[in-house]
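This is structure.tsv (TSV, N, CA and C atoms).
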chain	number	residue	atom	x	y	z
A	90	MET	N	70.78	-7.43	-121.81
A	90	MET	CA	71.29	-7.48	-120.46
A	90	MET	C	72.65	-6.77	-120.43
A	91	GLY	N	72.98	-6.08	-119.31
A	91	GLY	CA	74.23	-5.36	-119.19
A	91	GLY	C	75.41	-6.28	-118.98
A	92	THR	N	76.58	-5.74	-119.24
A	92	THR	CA	77.81	-6.49	-119.04
A	92	THR	C	78.16	-6.50	-117.56
A	93	ILE	N	78.54	-7.64	-117.05
A	93	ILE	CA	78.96	-7.75	-115.66
A	93	ILE	C	80.48	-7.67	-115.61
A	94	VAL	N	80.96	-6.70	-114.84
A	94	VAL	CA	82.41	-6.53	-114.68
A	94	VAL	C	82.81	-7.23	-113.39
A	95	LYS	N	83.72	-8.19	-113.50
A	95	LYS	CA	84.16	-8.92	-112.32
A	95	LYS	C	85.27	-8.13	-111.63
A	96	GLN	N	85.06	-7.87	-110.34
A	96	GLN	CA	86.05	-7.17	-109.53
A	96	GLN	C	86.80	-8.22	-108.71
A	97	PRO	N	88.10	-8.25	-108.80
A	97	PRO	CA	88.85	-9.20	-107.97
A	97	PRO	C	88.75	-8.78	-106.51
A	98	LEU	N	88.86	-9.73	-105.63
A	98	LEU	CA	88.85	-9.41	-104.21
A	98	LEU	C	90.16	-8.71	-103.84
A	99	THR	N	90.06	-7.81	-102.87
A	99	THR	CA	91.27	-7.14	-102.39
A	99	THR	C	92.05	-8.10	-101.51
A	100	SER	N	93.29	-7.76	-101.24
A	100	SER	CA	94.11	-8.61	-100.37
A	100	SER	C	93.50	-8.69	-98.98
A	101	LEU	N	92.90	-7.60	-98.51
A	101	LEU	CA	92.24	-7.60	-97.20
A	101	LEU	C	91.06	-8.56	-97.20
A	102	GLN	N	90.24	-8.51	-98.26
A	102	GLN	CA	89.09	-9.41	-98.34
A	102	GLN	C	89.53	-10.87	-98.36
A	103	LEU	N	90.60	-11.17	-99.09
A	103	LEU	CA	91.10	-12.55	-99.15
A	103	LEU	C	91.58	-13.02	-97.78
A	104	GLU	N	92.30	-12.16	-97.06
A	104	GLU	CA	92.78	-12.52	-95.73
A	104	GLU	C	91.62	-12.74	-94.77
A	105	LEU	N	90.61	-11.90	-94.85
A	105	LEU	CA	89.46	-12.06	-93.97
A	105	LEU	C	88.70	-13.35	-94.29
A	106	LEU	N	88.62	-13.69	-95.57
A	106	LEU	CA	87.99	-14.96	-95.93
A	106	LEU	C	88.74	-16.14	-95.33
A	107	LYS	N	90.07	-16.08	-95.33
A	107	LYS	CA	90.87	-17.15	-94.72
A	107	LYS	C	90.59	-17.24	-93.22
A	108	ILE	N	90.55	-16.08	-92.57
A	108	ILE	CA	90.31	-16.05	-91.12
A	108	ILE	C	88.95	-16.63	-90.79
A	109	PHE	N	87.95	-16.25	-91.59
A	109	PHE	CA	86.58	-16.64	-91.28
A	109	PHE	C	86.15	-17.92	-91.99
A	110	SER	N	87.10	-18.70	-92.47
A	110	SER	CA	86.74	-19.95	-93.13
A	110	SER	C	86.29	-21.01	-92.12
A	111	ARG	N	86.46	-20.70	-90.85
A	111	ARG	CA	85.96	-21.59	-89.80
A	111	ARG	C	84.99	-20.80	-88.94
A	112	GLU	N	84.16	-21.52	-88.23
A	112	GLU	CA	83.16	-20.89	-87.36
A	112	GLU	C	83.86	-20.25	-86.16
A	113	ILE	N	83.48	-19.02	-85.83
A	113	ILE	CA	84.02	-18.37	-84.63
A	113	ILE	C	82.87	-17.89	-83.76
A	114	GLU	N	83.17	-17.70	-82.50
A	114	GLU	CA	82.15	-17.26	-81.57
A	114	GLU	C	81.77	-15.81	-81.85
A	115	GLU	N	80.53	-15.48	-81.52
A	115	GLU	CA	80.01	-14.13	-81.75
A	115	GLU	C	80.85	-13.08	-81.02
A	116	LYS	N	81.30	-13.39	-79.80
A	116	LYS	CA	82.11	-12.41	-79.05
A	116	LYS	C	83.45	-12.17	-79.75
A	117	ASP	N	84.01	-13.18	-80.37
A	117	ASP	CA	85.26	-13.01	-81.11
A	117	ASP	C	85.03	-12.15	-82.36
A	118	LEU	N	83.92	-12.38	-83.02
A	118	LEU	CA	83.58	-11.58	-84.20
A	118	LEU	C	83.44	-10.10	-83.81
A	119	LEU	N	82.78	-9.84	-82.69
A	119	LEU	CA	82.61	-8.47	-82.22
A	119	LEU	C	83.96	-7.83	-81.91
A	120	GLU	N	84.86	-8.57	-81.29
A	120	GLU	CA	86.19	-8.04	-80.97
A	120	GLU	C	86.99	-7.73	-82.23
A	121	ILE	N	86.88	-8.59	-83.23
A	121	ILE	CA	87.57	-8.36	-84.51
A	121	ILE	C	87.01	-7.11	-85.18
A	122	LYS	N	85.70	-6.95	-85.16
A	122	LYS	CA	85.08	-5.75	-85.74
A	122	LYS	C	85.57	-4.50	-85.03
A	123	LYS	N	85.63	-4.54	-83.69
A	123	LYS	CA	86.12	-3.39	-82.92
A	123	LYS	C	87.57	-3.08	-83.28
A	124	PHE	N	88.38	-4.12	-83.42
A	124	PHE	CA	89.78	-3.94	-83.77
A	124	PHE	C	89.92	-3.26	-85.13
A	125	LEU	N	89.15	-3.73	-86.11
A	125	LEU	CA	89.22	-3.14	-87.45
A	125	LEU	C	88.74	-1.69	-87.46
A	126	VAL	N	87.67	-1.40	-86.75
A	126	VAL	CA	87.17	-0.03	-86.67
A	126	VAL	C	88.23	0.87	-86.04
A	127	LYS	N	88.83	0.42	-84.95
A	127	LYS	CA	89.86	1.22	-84.26
A	127	LYS	C	91.06	1.44	-85.18
A	128	TYR	N	91.48	0.40	-85.87
A	128	TYR	CA	92.63	0.49	-86.77
A	128	TYR	C	92.39	1.54	-87.86
A	129	PHE	N	91.26	1.45	-88.55
A	129	PHE	CA	90.98	2.38	-89.64
A	129	PHE	C	90.70	3.79	-89.12
A	130	ALA	N	90.13	3.92	-87.93
A	130	ALA	CA	89.92	5.24	-87.33
A	130	ALA	C	91.27	5.90	-87.03
A	131	GLN	N	92.21	5.14	-86.50
A	131	GLN	CA	93.54	5.68	-86.20
A	131	GLN	C	94.25	6.12	-87.48
A	132	LYS	N	94.10	5.36	-88.56
A	132	LYS	CA	94.69	5.75	-89.83
A	132	LYS	C	94.08	7.05	-90.35
A	133	ALA	N	92.76	7.18	-90.23
A	133	ALA	CA	92.08	8.40	-90.68
A	133	ALA	C	92.52	9.60	-89.86
A	134	ILE	N	92.65	9.43	-88.56
A	134	ILE	CA	93.09	10.52	-87.69
A	134	ILE	C	94.51	10.94	-88.04
A	135	ALA	N	95.38	9.97	-88.28
A	135	ALA	CA	96.77	10.29	-88.64
A	135	ALA	C	96.82	11.06	-89.95
A	136	LEU	N	96.02	10.67	-90.91
A	136	LEU	CA	95.97	11.38	-92.19
A	136	LEU	C	95.43	12.80	-92.01
A	137	ALA	N	94.39	12.94	-91.20
A	137	ALA	CA	93.83	14.27	-90.93
A	137	ALA	C	94.85	15.15	-90.22
A	138	ASP	N	95.58	14.59	-89.27
A	138	ASP	CA	96.63	15.34	-88.57
A	138	ASP	C	97.70	15.82	-89.54
A	139	LYS	N	98.07	14.95	-90.49
A	139	LYS	CA	99.08	15.31	-91.48
A	139	LYS	C	98.61	16.49	-92.34
A	140	VAL	N	97.36	16.42	-92.81
A	140	VAL	CA	96.80	17.49	-93.63
A	140	VAL	C	96.73	18.78	-92.81
A	141	TRP	N	96.33	18.66	-91.55
A	141	TRP	CA	96.23	19.81	-90.66
A	141	TRP	C	97.59	20.51	-90.54
A	142	GLU	N	98.63	19.70	-90.32
A	142	GLU	CA	99.98	20.26	-90.17
A	142	GLU	C	100.50	20.85	-91.47
A	143	GLN	N	100.24	20.17	-92.59
A	143	GLN	CA	100.70	20.68	-93.90
A	143	GLN	C	100.09	22.03	-94.22
A	144	ASN	N	98.87	22.27	-93.75
A	144	ASN	CA	98.18	23.52	-94.04
A	144	ASN	C	98.38	24.58	-92.95
A	145	ASN	N	99.13	24.19	-91.91
A	145	ASN	CA	99.38	25.10	-90.79
A	145	ASN	C	98.09	25.68	-90.22
A	146	TRP	N	97.06	24.84	-90.11
A	146	TRP	CA	95.79	25.30	-89.57
A	146	TRP	C	95.90	25.48	-88.07
A	147	THR	N	95.09	26.39	-87.54
A	147	THR	CA	95.09	26.71	-86.12
A	147	THR	C	93.70	26.47	-85.55
A	148	GLU	N	93.58	26.74	-84.25
A	148	GLU	CA	92.27	26.61	-83.60
A	148	GLU	C	91.27	27.60	-84.22
A	149	LYS	N	91.77	28.75	-84.64
A	149	LYS	CA	90.91	29.74	-85.30
A	149	LYS	C	90.32	29.15	-86.59
A	150	ASP	N	91.17	28.44	-87.35
A	150	ASP	CA	90.69	27.78	-88.58
A	150	ASP	C	89.64	26.72	-88.24
A	151	GLU	N	89.90	25.99	-87.18
A	151	GLU	CA	88.96	24.94	-86.77
A	151	GLU	C	87.58	25.54	-86.49
A	152	LEU	N	87.53	26.64	-85.77
A	152	LEU	CA	86.26	27.30	-85.46
A	152	LEU	C	85.58	27.78	-86.74
A	153	LYS	N	86.38	28.27	-87.68
A	153	LYS	CA	85.83	28.72	-88.97
A	153	LYS	C	85.21	27.54	-89.71
A	154	PHE	N	85.92	26.40	-89.73
A	154	PHE	CA	85.40	25.21	-90.41
A	154	PHE	C	84.09	24.75	-89.78
A	155	LEU	N	84.03	24.80	-88.47
A	155	LEU	CA	82.84	24.33	-87.76
A	155	LEU	C	81.61	25.18	-88.07
A	156	ASN	N	81.83	26.44	-88.41
A	156	ASN	CA	80.72	27.35	-88.65
A	156	ASN	C	80.42	27.57	-90.12
A	157	GLU	N	81.20	26.94	-91.01
A	157	GLU	CA	80.95	27.08	-92.44
A	157	GLU	C	79.77	26.22	-92.88
A	158	HIS	N	79.10	26.68	-93.91
A	158	HIS	CA	78.03	25.89	-94.51
A	158	HIS	C	78.57	25.35	-95.83
A	159	ASN	N	78.86	24.05	-95.88
A	159	ASN	CA	79.51	23.46	-97.06
A	159	ASN	C	78.61	22.50	-97.84
A	160	ARG	N	77.34	22.53	-97.60
A	160	ARG	CA	76.44	21.63	-98.30
A	160	ARG	C	76.38	22.01	-99.78
A	161	ILE	N	76.46	21.02	-100.63
A	161	ILE	CA	76.39	21.24	-102.08
A	161	ILE	C	74.99	20.84	-102.52
A	162	SER	N	74.31	21.75	-103.18
A	162	SER	CA	72.96	21.41	-103.67
A	162	SER	C	73.08	20.73	-105.02
A	163	SER	N	72.13	19.85	-105.28
A	163	SER	CA	72.17	19.12	-106.55
A	163	SER	C	71.34	19.75	-107.61
Give the structure from this file in structure tokens form.
Amino acid sequence: MGTIVKQPLTSLQLELLKIFSREIEEKDLLEIKKFLVKYFAQKAIALADKVWEQNNWTEKDELKFLNEHNRISS
């Protein structure tokens, strides 16, 4: 049998376990999910904006990226 490597929970996972240690309504769960999705989407957009600015990309570059074929074959 293989060795099982135990991964500790992240601080986010621990906090979510504390929050959800009691029963909550389905509508509240949906709102929390929406909040988390929005939060992480905003972080991703901010990071993408930073990379965009660091590379001095323009609208011309954007059009080039949209038309590139970047699929990697296995």
If DSSP is run on the backbone, what residues of stretch 93-130 of chain A are helix (DSSP H, G or I)? A reply as a VMD selection string would be ideal. chain A and resid 100 to 108 115 to 130
Record the distance separating atom C of A:Val126 and atom N of A:Glu112, expressed in Å with one decimal. 22.9 Å
d(atom C of A:Leu106, atom C of A:Thr92) in Å: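 Computing the Euclidean distance for atom C of A:Leu106 and atom C of A:Thr92 yields 26.4 Å.
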